[in-house]
>>> print(open('target-v4.pdb').read())   # PDB, C-alpha atoms and all ligand atoms
MODEL        1
ATOM      1  CA  MET A   1     -20.761 -34.813  38.411  1.00  0.00           C
ATOM      2  CA  SER A   2     -20.279 -31.069  38.642  1.00  0.00           C
ATOM      3  CA  THR A   3     -21.884 -28.939  41.326  1.00  0.00           C
ATOM      4  CA  ARG A   4     -25.207 -27.312  40.438  1.00  0.00           C
ATOM      5  CA  ILE A   5     -25.138 -23.592  41.166  1.00  0.00           C
ATOM      6  CA  ILE A   6     -28.695 -22.444  41.705  1.00  0.00           C
ATOM      7  CA  ALA A   7     -29.990 -18.900  42.080  1.00  0.00           C
ATOM      8  CA  ILE A   8     -32.955 -18.817  44.450  1.00  0.00           C
ATOM      9  CA  ALA A   9     -35.129 -15.701  44.488  1.00  0.00           C
ATOM     10  CA  ILE A  10     -38.638 -14.351  44.880  1.00  0.00           C
ATOM     11  CA  VAL A  11     -39.275 -12.042  41.956  1.00  0.00           C
ATOM     12  CA  ALA A  12     -42.093  -9.599  41.211  1.00  0.00           C
ATOM     13  CA  ALA A  13     -43.820  -9.724  37.813  1.00  0.00           C
ATOM     14  CA  ASN A  14     -41.738  -6.672  36.811  1.00  0.00           C
ATOM     15  CA  GLY A  15     -38.465  -8.248  37.959  1.00  0.00           C
ATOM     16  CA  VAL A  16     -38.173  -6.315  41.229  1.00  0.00           C
ATOM     17  CA  LEU A  17     -36.336  -8.047  44.082  1.00  0.00           C
ATOM     18  CA  GLY A  18     -36.280  -5.296  46.653  1.00  0.00           C
ATOM     19  CA  ASP A  19     -35.648  -1.668  47.501  1.00  0.00           C
ATOM     20  CA  GLY A  20     -32.062  -2.131  48.681  1.00  0.00           C
ATOM     21  CA  GLU A  21     -33.031  -3.042  52.218  1.00  0.00           C
ATOM     22  CA  ARG A  22     -36.151  -5.154  52.137  1.00  0.00           C
ATOM     23  CA  GLN A  23     -37.868  -7.486  49.709  1.00  0.00           C
ATOM     24  CA  PRO A  24     -41.426  -6.596  48.728  1.00  0.00           C
ATOM     25  CA  PHE A  25     -43.066  -9.962  49.287  1.00  0.00           C
ATOM     26  CA  GLU A  26     -43.128 -12.500  52.073  1.00  0.00           C
ATOM     27  CA  PHE A  27     -45.257 -15.617  51.937  1.00  0.00           C
ATOM     28  CA  ALA A  28     -45.072 -18.219  54.706  1.00  0.00           C
ATOM     29  CA  GLU A  29     -45.245 -21.035  52.156  1.00  0.00           C
ATOM     30  CA  ASP A  30     -42.368 -19.559  50.170  1.00  0.00           C
ATOM     31  CA  TRP A  31     -40.180 -19.067  53.227  1.00  0.00           C
ATOM     32  CA  ALA A  32     -40.893 -22.659  54.365  1.00  0.00           C
ATOM     33  CA  ARG A  33     -39.925 -23.980  50.936  1.00  0.00           C
ATOM     34  CA  TYR A  34     -36.811 -21.779  50.891  1.00  0.00           C
ATOM     35  CA  LYS A  35     -35.729 -23.300  54.197  1.00  0.00           C
ATOM     36  CA  LYS A  36     -36.412 -26.830  52.979  1.00  0.00           C
ATOM     37  CA  VAL A  37     -34.621 -26.386  49.665  1.00  0.00           C
ATOM     38  CA  THR A  38     -31.516 -24.621  50.966  1.00  0.00           C
ATOM     39  CA  SER A  39     -30.985 -26.515  54.223  1.00  0.00           C
ATOM     40  CA  GLY A  40     -27.795 -28.517  54.237  1.00  0.00           C
ATOM     41  CA  HIS A  41     -26.279 -26.598  51.325  1.00  0.00           C
ATOM     42  CA  PRO A  42     -23.993 -23.573  51.167  1.00  0.00           C
ATOM     43  CA  MET A  43     -25.612 -20.234  50.353  1.00  0.00           C
ATOM     44  CA  ILE A  44     -23.829 -17.257  48.833  1.00  0.00           C
ATOM     45  CA  MET A  45     -25.195 -13.788  49.582  1.00  0.00           C
ATOM     46  CA  GLY A  46     -24.161 -10.163  49.488  1.00  0.00           C
ATOM     47  CA  ARG A  47     -23.494  -8.263  52.686  1.00  0.00           C
ATOM     48  CA  ARG A  48     -26.625  -6.138  52.218  1.00  0.00           C
ATOM     49  CA  THR A  49     -28.793  -9.247  51.963  1.00  0.00           C
ATOM     50  CA  LEU A  50     -27.236 -10.702  55.120  1.00  0.00           C
ATOM     51  CA  ASP A  51     -28.034  -7.387  56.845  1.00  0.00           C
ATOM     52  CA  ALA A  52     -31.595  -7.509  55.467  1.00  0.00           C
ATOM     53  CA  ILE A  53     -32.132 -11.040  56.814  1.00  0.00           C
ATOM     54  CA  GLY A  54     -30.603  -9.894  60.069  1.00  0.00           C
ATOM     55  CA  ARG A  55     -29.152 -13.219  61.222  1.00  0.00           C
ATOM     56  CA  TRP A  56     -27.149 -16.194  60.041  1.00  0.00           C
ATOM     57  CA  LEU A  57     -29.659 -18.794  58.908  1.00  0.00           C
ATOM     58  CA  PRO A  58     -29.389 -22.011  60.934  1.00  0.00           C
ATOM     59  CA  GLY A  59     -28.682 -25.377  59.335  1.00  0.00           C
ATOM     60  CA  ARG A  60     -26.772 -23.879  56.444  1.00  0.00           C
ATOM     61  CA  THR A  61     -23.377 -22.483  55.627  1.00  0.00           C
ATOM     62  CA  THR A  62     -23.637 -18.852  54.531  1.00  0.00           C
ATOM     63  CA  ILE A  63     -20.816 -17.335  52.524  1.00  0.00           C
ATOM     64  CA  VAL A  64     -21.142 -13.556  52.592  1.00  0.00           C
ATOM     65  CA  VAL A  65     -19.479 -11.425  49.938  1.00  0.00           C
ATOM     66  CA  THR A  66     -18.146  -8.071  51.158  1.00  0.00           C
ATOM     67  CA  SER A  67     -15.259  -5.706  50.490  1.00  0.00           C
ATOM     68  CA  LYS A  68     -14.485  -5.854  54.226  1.00  0.00           C
ATOM     69  CA  PRO A  69     -14.493  -9.538  55.221  1.00  0.00           C
ATOM     70  CA  ASP A  70     -12.541  -8.831  58.418  1.00  0.00           C
ATOM     71  CA  ASP A  71     -15.392  -6.633  59.689  1.00  0.00           C
ATOM     72  CA  VAL A  72     -18.010  -9.409  59.476  1.00  0.00           C
ATOM     73  CA  GLU A  73     -19.042 -10.966  62.780  1.00  0.00           C
ATOM     74  CA  LEU A  74     -19.213 -14.677  62.043  1.00  0.00           C
ATOM     75  CA  PRO A  75     -21.730 -16.917  63.827  1.00  0.00           C
ATOM     76  CA  THR A  76     -20.608 -18.482  67.078  1.00  0.00           C
ATOM     77  CA  ASP A  77     -23.743 -20.273  68.298  1.00  0.00           C
ATOM     78  CA  GLY A  78     -22.990 -23.559  66.537  1.00  0.00           C
ATOM     79  CA  LYS A  79     -26.369 -23.570  64.711  1.00  0.00           C
ATOM     80  CA  ALA A  80     -25.146 -21.724  61.628  1.00  0.00           C
ATOM     81  CA  THR A  81     -21.824 -21.674  59.844  1.00  0.00           C
ATOM     82  CA  GLY A  82     -20.524 -18.535  58.171  1.00  0.00           C
ATOM     83  CA  PHE A  83     -17.643 -17.309  56.065  1.00  0.00           C
ATOM     84  CA  ALA A  84     -16.846 -13.877  54.662  1.00  0.00           C
ATOM     85  CA  VAL A  85     -14.988 -13.506  51.351  1.00  0.00           C
ATOM     86  CA  SER A  86     -14.095 -10.578  49.136  1.00  0.00           C
ATOM     87  CA  SER A  87     -15.351 -11.707  45.712  1.00  0.00           C
ATOM     88  CA  VAL A  88     -18.118 -13.727  44.103  1.00  0.00           C
ATOM     89  CA  GLU A  89     -15.510 -15.975  42.471  1.00  0.00           C
ATOM     90  CA  ALA A  90     -13.983 -16.762  45.886  1.00  0.00           C
ATOM     91  CA  ALA A  91     -17.477 -17.477  47.231  1.00  0.00           C
ATOM     92  CA  VAL A  92     -18.253 -19.885  44.379  1.00  0.00           C
ATOM     93  CA  ASP A  93     -14.892 -21.662  44.789  1.00  0.00           C
ATOM     94  CA  LEU A  94     -15.408 -22.031  48.544  1.00  0.00           C
ATOM     95  CA  ALA A  95     -19.010 -23.209  48.133  1.00  0.00           C
ATOM     96  CA  ARG A  96     -17.985 -25.798  45.546  1.00  0.00           C
ATOM     97  CA  SER A  97     -15.281 -27.093  47.885  1.00  0.00           C
ATOM     98  CA  LEU A  98     -17.921 -27.563  50.614  1.00  0.00           C
ATOM     99  CA  ASP A  99     -20.641 -29.224  48.506  1.00  0.00           C
ATOM    100  CA  ASP A 100     -20.219 -31.094  45.235  1.00  0.00           C
ATOM    101  CA  ASP A 101     -23.997 -31.431  44.833  1.00  0.00           C
ATOM    102  CA  GLU A 102     -25.848 -28.091  45.205  1.00  0.00           C
ATOM    103  CA  VAL A 103     -24.849 -24.521  45.989  1.00  0.00           C
ATOM    104  CA  TYR A 104     -27.411 -21.702  46.316  1.00  0.00           C
ATOM    105  CA  VAL A 105     -26.935 -18.084  45.289  1.00  0.00           C
ATOM    106  CA  ALA A 106     -29.329 -16.088  47.475  1.00  0.00           C
ATOM    107  CA  GLY A 107     -28.892 -12.528  46.209  1.00  0.00           C
ATOM    108  CA  GLY A 108     -29.228  -9.671  46.262  1.00  0.00           C
ATOM    109  CA  GLY A 109     -29.270  -7.999  42.893  1.00  0.00           C
ATOM    110  CA  SER A 110     -25.530  -7.379  42.656  1.00  0.00           C
ATOM    111  CA  ILE A 111     -24.683 -10.960  43.567  1.00  0.00           C
ATOM    112  CA  TYR A 112     -27.174 -12.559  41.133  1.00  0.00           C
ATOM    113  CA  ALA A 113     -25.685 -10.386  38.373  1.00  0.00           C
ATOM    114  CA  GLN A 114     -22.068 -11.265  39.157  1.00  0.00           C
ATOM    115  CA  ALA A 115     -22.807 -14.964  39.717  1.00  0.00           C
ATOM    116  CA  TRP A 116     -24.844 -15.183  36.471  1.00  0.00           C
ATOM    117  CA  PRO A 117     -22.088 -16.854  34.365  1.00  0.00           C
ATOM    118  CA  PHE A 118     -21.682 -19.574  37.016  1.00  0.00           C
ATOM    119  CA  LEU A 119     -25.391 -20.397  37.367  1.00  0.00           C
ATOM    120  CA  THR A 120     -26.663 -23.753  36.145  1.00  0.00           C
ATOM    121  CA  ASP A 121     -30.225 -23.431  37.511  1.00  0.00           C
ATOM    122  CA  LEU A 122     -32.756 -20.830  38.631  1.00  0.00           C
ATOM    123  CA  ASP A 123     -35.234 -21.609  41.405  1.00  0.00           C
ATOM    124  CA  LEU A 124     -37.687 -18.716  41.242  1.00  0.00           C
ATOM    125  CA  THR A 125     -40.843 -17.809  43.087  1.00  0.00           C
ATOM    126  CA  GLU A 126     -42.575 -15.750  40.406  1.00  0.00           C
ATOM    127  CA  VAL A 127     -45.088 -13.451  42.108  1.00  0.00           C
ATOM    128  CA  HIS A 128     -48.168 -12.547  40.065  1.00  0.00           C
ATOM    129  CA  ALA A 129     -47.996  -8.879  41.159  1.00  0.00           C
ATOM    130  CA  GLU A 130     -45.606  -6.055  40.359  1.00  0.00           C
ATOM    131  CA  ALA A 131     -43.614  -4.249  43.040  1.00  0.00           C
ATOM    132  CA  GLU A 132     -41.700  -1.021  43.499  1.00  0.00           C
ATOM    133  CA  GLY A 133     -37.973  -1.099  44.096  1.00  0.00           C
ATOM    134  CA  SER A 134     -34.606  -0.350  42.542  1.00  0.00           C
ATOM    135  CA  VAL A 135     -33.073  -3.843  42.799  1.00  0.00           C
ATOM    136  CA  HIS A 136     -33.938  -6.171  39.917  1.00  0.00           C
ATOM    137  CA  PHE A 137     -33.320  -9.786  38.984  1.00  0.00           C
ATOM    138  CA  PRO A 138     -31.072 -10.017  35.873  1.00  0.00           C
ATOM    139  CA  GLU A 139     -32.744 -10.208  32.465  1.00  0.00           C
ATOM    140  CA  MET A 140     -33.230 -13.831  31.427  1.00  0.00           C
ATOM    141  CA  ALA A 141     -32.465 -14.377  27.743  1.00  0.00           C
ATOM    142  CA  ALA A 142     -35.108 -16.792  26.409  1.00  0.00           C
ATOM    143  CA  ALA A 143     -32.495 -18.783  24.485  1.00  0.00           C
ATOM    144  CA  GLU A 144     -30.377 -19.262  27.605  1.00  0.00           C
ATOM    145  CA  TRP A 145     -32.888 -20.906  29.964  1.00  0.00           C
ATOM    146  CA  VAL A 146     -35.461 -23.671  29.669  1.00  0.00           C
ATOM    147  CA  GLU A 147     -38.369 -24.026  32.083  1.00  0.00           C
ATOM    148  CA  VAL A 148     -38.273 -27.485  33.672  1.00  0.00           C
ATOM    149  CA  ARG A 149     -40.856 -27.162  36.457  1.00  0.00           C
ATOM    150  CA  ARG A 150     -43.821 -24.924  37.330  1.00  0.00           C
ATOM    151  CA  GLU A 151     -45.979 -25.291  40.416  1.00  0.00           C
ATOM    152  CA  PRO A 152     -48.803 -22.741  40.340  1.00  0.00           C
ATOM    153  CA  HIS A 153     -50.196 -21.221  43.538  1.00  0.00           C
ATOM    154  CA  GLN A 154     -52.744 -18.451  44.002  1.00  0.00           C
ATOM    155  CA  GLU A 155     -50.315 -15.551  44.409  1.00  0.00           C
ATOM    156  CA  PHE A 156     -47.140 -16.983  42.852  1.00  0.00           C
ATOM    157  CA  ASP A 157     -45.667 -19.903  40.918  1.00  0.00           C
ATOM    158  CA  PHE A 158     -42.661 -21.932  41.996  1.00  0.00           C
ATOM    159  CA  VAL A 159     -40.627 -22.245  38.775  1.00  0.00           C
ATOM    160  CA  GLY A 160     -37.430 -24.070  37.887  1.00  0.00           C
ATOM    161  CA  TYR A 161     -35.175 -23.225  34.931  1.00  0.00           C
ATOM    162  CA  GLN A 162     -32.038 -24.901  33.669  1.00  0.00           C
ATOM    163  CA  ARG A 163     -29.358 -23.325  31.543  1.00  0.00           C
ATOM    164  CA  VAL A 164     -29.507 -24.505  27.956  1.00  0.00           C
ATOM    165  CA  GLU A 165     -26.348 -26.508  27.244  1.00  0.00           C
TER     166      GLU A 165
HETATM  167  N1  LIG A 201     -36.377 -11.120  46.306  1.00  0.00           N
HETATM  168  C1  LIG A 201     -35.352 -11.906  46.657  1.00  0.00           C
HETATM  169  O1  LIG A 201     -35.344 -13.119  46.489  1.00  0.00           O
HETATM  170  C2  LIG A 201     -34.172 -11.259  47.295  1.00  0.00           C
HETATM  171  C3  LIG A 201     -33.060 -12.035  47.658  1.00  0.00           C
HETATM  172  C4  LIG A 201     -31.970 -11.400  48.235  1.00  0.00           C
HETATM  173  C5  LIG A 201     -32.006 -10.025  48.433  1.00  0.00           C
HETATM  174  N2  LIG A 201     -33.091  -9.331  48.064  1.00  0.00           N
HETATM  175  C6  LIG A 201     -33.151  -7.865  48.208  1.00  0.00           C
HETATM  176  O2  LIG A 201     -32.097  -7.319  47.417  1.00  0.00           O
HETATM  177  C7  LIG A 201     -31.664  -6.104  48.047  1.00  0.00           C
HETATM  178  C8  LIG A 201     -30.180  -6.201  48.290  1.00  0.00           C
HETATM  179  O3  LIG A 201     -29.511  -6.358  47.046  1.00  0.00           O
HETATM  180  P1  LIG A 201     -28.278  -5.433  46.675  1.00  0.00           P
HETATM  181  O4  LIG A 201     -27.892  -5.705  45.260  1.00  0.00           O
HETATM  182  O5  LIG A 201     -28.609  -4.024  47.080  1.00  0.00           O
HETATM  183  O6  LIG A 201     -27.156  -5.930  47.692  1.00  0.00           O
HETATM  184  P2  LIG A 201     -26.440  -7.374  47.898  1.00  0.00           P
HETATM  185  O7  LIG A 201     -26.121  -7.953  46.564  1.00  0.00           O
HETATM  186  O8  LIG A 201     -27.193  -8.189  48.868  1.00  0.00           O
HETATM  187  O9  LIG A 201     -25.114  -6.923  48.652  1.00  0.00           O
HETATM  188  C9  LIG A 201     -24.283  -5.924  48.104  1.00  0.00           C
HETATM  189  C10 LIG A 201     -23.002  -5.928  48.893  1.00  0.00           C
HETATM  190  O10 LIG A 201     -22.270  -7.130  48.622  1.00  0.00           O
HETATM  191  C11 LIG A 201     -20.886  -6.824  48.592  1.00  0.00           C
HETATM  192  N3  LIG A 201     -20.376  -7.084  47.256  1.00  0.00           N
HETATM  193  C12 LIG A 201     -21.067  -7.219  46.100  1.00  0.00           C
HETATM  194  N4  LIG A 201     -20.224  -7.499  45.080  1.00  0.00           N
HETATM  195  C13 LIG A 201     -18.976  -7.542  45.610  1.00  0.00           C
HETATM  196  C14 LIG A 201     -17.692  -7.796  45.074  1.00  0.00           C
HETATM  197  N5  LIG A 201     -17.526  -8.078  43.769  1.00  0.00           N
HETATM  198  N6  LIG A 201     -16.622  -7.768  45.902  1.00  0.00           N
HETATM  199  C15 LIG A 201     -16.772  -7.500  47.224  1.00  0.00           C
HETATM  200  N7  LIG A 201     -17.977  -7.267  47.799  1.00  0.00           N
HETATM  201  C16 LIG A 201     -19.055  -7.271  47.000  1.00  0.00           C
HETATM  202  C17 LIG A 201     -20.740  -5.370  48.996  1.00  0.00           C
HETATM  203  O11 LIG A 201     -20.677  -5.394  50.419  1.00  0.00           O
HETATM  204  P3  LIG A 201     -19.870  -4.273  51.258  1.00  0.00           P
HETATM  205  O12 LIG A 201     -20.660  -3.033  51.104  1.00  0.00           O
HETATM  206  O13 LIG A 201     -19.860  -4.836  52.654  1.00  0.00           O
HETATM  207  O14 LIG A 201     -18.498  -4.195  50.638  1.00  0.00           O
HETATM  208  C18 LIG A 201     -22.067  -4.791  48.529  1.00  0.00           C
HETATM  209  O15 LIG A 201     -22.406  -3.587  49.202  1.00  0.00           O
HETATM  210  C19 LIG A 201     -32.491  -5.956  49.314  1.00  0.00           C
HETATM  211  O16 LIG A 201     -33.624  -5.139  49.047  1.00  0.00           O
HETATM  212  C20 LIG A 201     -32.917  -7.379  49.614  1.00  0.00           C
HETATM  213  O17 LIG A 201     -34.102  -7.434  50.390  1.00  0.00           O
HETATM  214  C21 LIG A 201     -34.166  -9.911  47.504  1.00  0.00           C
ENDMDL
END
>>> encode(input="target-v4.pdb", output="structure tokens")
Amino acid sequence: MSTRIIAIAIVAANGVLGDGERQPFEFAEDWARYKKVTSGHPMIMGRRTLDAIGRWLPGRTTIVVTSKPDDVELPTDGKATGFAVSSVEAAVDLARSLDDDEVYVAGGGSIYAQAWPFLTDLDLTEVHAEAEGSVHFPEMAAAEWVEVRREPHQEFDFVGYQRVE
């Protein structure tokens, strides 16, 4: 079976992901689910998103994409594993070599856009409110994705999409 490559994101009703440094929404329930879903799997993220999170997330392997991989300080505490690579393609290849089940693409905007052709699934937290910010989730063509799961909550829905074969 081929590896599922899943974009995971929390997205405002107008598609906004963040302002370039921070993301507009944080919900404890969403963060807890994010941890549960991604734990044990490799995550691919851009250098700006790693900076925004501010630490290497424990229990996962993070592959950071940057034009200067030699400048990245990799984790040394034994709780998290990290790699730095210089392209999204290299990140996807490395992630696939580490996990033949599930790989997560964790943003930000530039990484979702470049990873788009590789994605098999979207795991979105769709917030019911709009937000301000310059970083957007890519446009989803209706013919390209089918909704396979929706779990409504008061302020957001957890929604799963799969790429139409
Ligand atoms: N709502 C969400 O779920 C969510 C998730 C993640 C992030 N975010 C938000 O998204 C924003 C960050 O997104 P962003 O698009 O500005 O940045 P990003 O995608 O996180 O990172 C951009 C950086 O990645 C590196 N990069 C990207 N493409 C590359 C390539 N082809 N080759 C080499 N390096 C490459 C570059 O790093 P260097 O500059 O080091 O070369 C670039 O500056 C923040 O506001 C963050 O909070 C939101």
>>> resolve_selection(input="target-v4.pdb", expression="the PyMOL selection byres (((not hetatm)) within 7 of (chain A and resi 201))", output="VMD selection string")
chain A and resid 8 to 11 17 to 23 45 to 50 52 65 to 68 86 to 88 106 to 111 135
>>> closest_residue(input="target-v4.pdb", among="A:Leu98, A:Val16, A:Ala141, A:Val72", to="A:Pro42", atoms="all atoms listed in the file")
A:Leu98
>>> atom_distance(input="target-v4.pdb", atom1="atom CA of A:Glu89", atom2="atom CA of A:Trp116")
11.1 Å
>>> residues_around(input="target-v4.pdb", residues="A:Thr76", least_positions_apart="3", cutoff="12 Å", atoms="only C-alpha atoms", output="ChimeraX atom specification")
/A:55-56,58,73,79-83
>>> write_last_selection(input="target-v4.pdb", atoms="C-alpha atoms", output="mmCIF file, in the frame of the given file")
data_model
loop_
_atom_site.group_PDB
_atom_site.id
_atom_site.type_symbol
_atom_site.label_atom_id
_atom_site.label_comp_id
_atom_site.auth_asym_id
_atom_site.auth_seq_id
_atom_site.Cartn_x
_atom_site.Cartn_y
_atom_site.Cartn_z
ATOM 1 C CA ARG A 55 -29.152 -13.219 61.222
ATOM 2 C CA TRP A 56 -27.149 -16.194 60.041
ATOM 3 C CA PRO A 58 -29.389 -22.011 60.934
ATOM 4 C CA GLU A 73 -19.042 -10.966 62.780
ATOM 5 C CA LYS A 79 -26.369 -23.570 64.711
ATOM 6 C CA ALA A 80 -25.146 -21.724 61.628
ATOM 7 C CA THR A 81 -21.824 -21.674 59.844
ATOM 8 C CA GLY A 82 -20.524 -18.535 58.171
ATOM 9 C CA PHE A 83 -17.643 -17.309 56.065
#
>>> closest_residue(input="target-v4.pdb", among="A:Arg163, A:His153, A:His128, A:His41", to="A:Val103", atoms="only C-alpha atoms")
A:His41
>>> build_atoms(input="target-v4.pdb", residues="stretch 127-140 of chain A", atoms="N, CA and C atoms", output="PDB file, keeping the file's coordinate frame")
ATOM      1  N   VAL A 127     -43.887 -14.032  41.512  1.00  0.00           N
ATOM      2  CA  VAL A 127     -45.088 -13.451  42.108  1.00  0.00           C
ATOM      3  C   VAL A 127     -45.944 -12.866  40.991  1.00  0.00           C
ATOM      4  N   HIS A 128     -47.257 -12.992  41.126  1.00  0.00           N
ATOM      5  CA  HIS A 128     -48.168 -12.547  40.065  1.00  0.00           C
ATOM      6  C   HIS A 128     -48.412 -11.034  40.092  1.00  0.00           C
ATOM      7  N   ALA A 129     -47.799 -10.332  41.041  1.00  0.00           N
ATOM      8  CA  ALA A 129     -47.996  -8.879  41.159  1.00  0.00           C
ATOM      9  C   ALA A 129     -46.677  -8.146  40.936  1.00  0.00           C
ATOM     10  N   GLU A 130     -46.805  -6.888  40.506  1.00  0.00           N
ATOM     11  CA  GLU A 130     -45.606  -6.055  40.359  1.00  0.00           C
ATOM     12  C   GLU A 130     -45.258  -5.428  41.708  1.00  0.00           C
ATOM     13  N   ALA A 131     -44.042  -4.897  41.796  1.00  0.00           N
ATOM     14  CA  ALA A 131     -43.614  -4.249  43.040  1.00  0.00           C
ATOM     15  C   ALA A 131     -42.756  -3.050  42.696  1.00  0.00           C
ATOM     16  N   GLU A 132     -42.593  -2.162  43.670  1.00  0.00           N
ATOM     17  CA  GLU A 132     -41.700  -1.021  43.499  1.00  0.00           C
ATOM     18  C   GLU A 132     -40.376  -1.328  44.146  1.00  0.00           C
ATOM     19  N   GLY A 133     -39.288  -0.873  43.508  1.00  0.00           N
ATOM     20  CA  GLY A 133     -37.973  -1.099  44.096  1.00  0.00           C
ATOM     21  C   GLY A 133     -36.908  -0.941  43.035  1.00  0.00           C
ATOM     22  N   SER A 134     -35.697  -0.646  43.478  1.00  0.00           N
ATOM     23  CA  SER A 134     -34.606  -0.350  42.542  1.00  0.00           C
ATOM     24  C   SER A 134     -33.740  -1.565  42.240  1.00  0.00           C
ATOM     25  N   VAL A 135     -33.933  -2.659  42.986  1.00  0.00           N
ATOM     26  CA  VAL A 135     -33.073  -3.843  42.799  1.00  0.00           C
ATOM     27  C   VAL A 135     -33.849  -4.874  41.982  1.00  0.00           C
ATOM     28  N   HIS A 136     -33.249  -5.275  40.853  1.00  0.00           N
ATOM     29  CA  HIS A 136     -33.938  -6.171  39.917  1.00  0.00           C
ATOM     30  C   HIS A 136     -33.181  -7.483  39.745  1.00  0.00           C
ATOM     31  N   PHE A 137     -33.925  -8.528  39.403  1.00  0.00           N
ATOM     32  CA  PHE A 137     -33.320  -9.786  38.984  1.00  0.00           C
ATOM     33  C   PHE A 137     -32.767  -9.570  37.572  1.00  0.00           C
ATOM     34  N   PRO A 138     -31.617 -10.207  37.232  1.00  0.00           N
ATOM     35  CA  PRO A 138     -31.072 -10.017  35.873  1.00  0.00           C
ATOM     36  C   PRO A 138     -32.067 -10.449  34.790  1.00  0.00           C
ATOM     37  N   GLU A 139     -31.937  -9.816  33.632  1.00  0.00           N
ATOM     38  CA  GLU A 139     -32.744 -10.208  32.465  1.00  0.00           C
ATOM     39  C   GLU A 139     -32.412 -11.653  32.098  1.00  0.00           C
ATOM     40  N   MET A 140     -33.455 -12.438  31.844  1.00  0.00           N
ATOM     41  CA  MET A 140     -33.230 -13.831  31.427  1.00  0.00           C
ATOM     42  C   MET A 140     -33.409 -13.920  29.918  1.00  0.00           C
TER      43      MET A 140
END
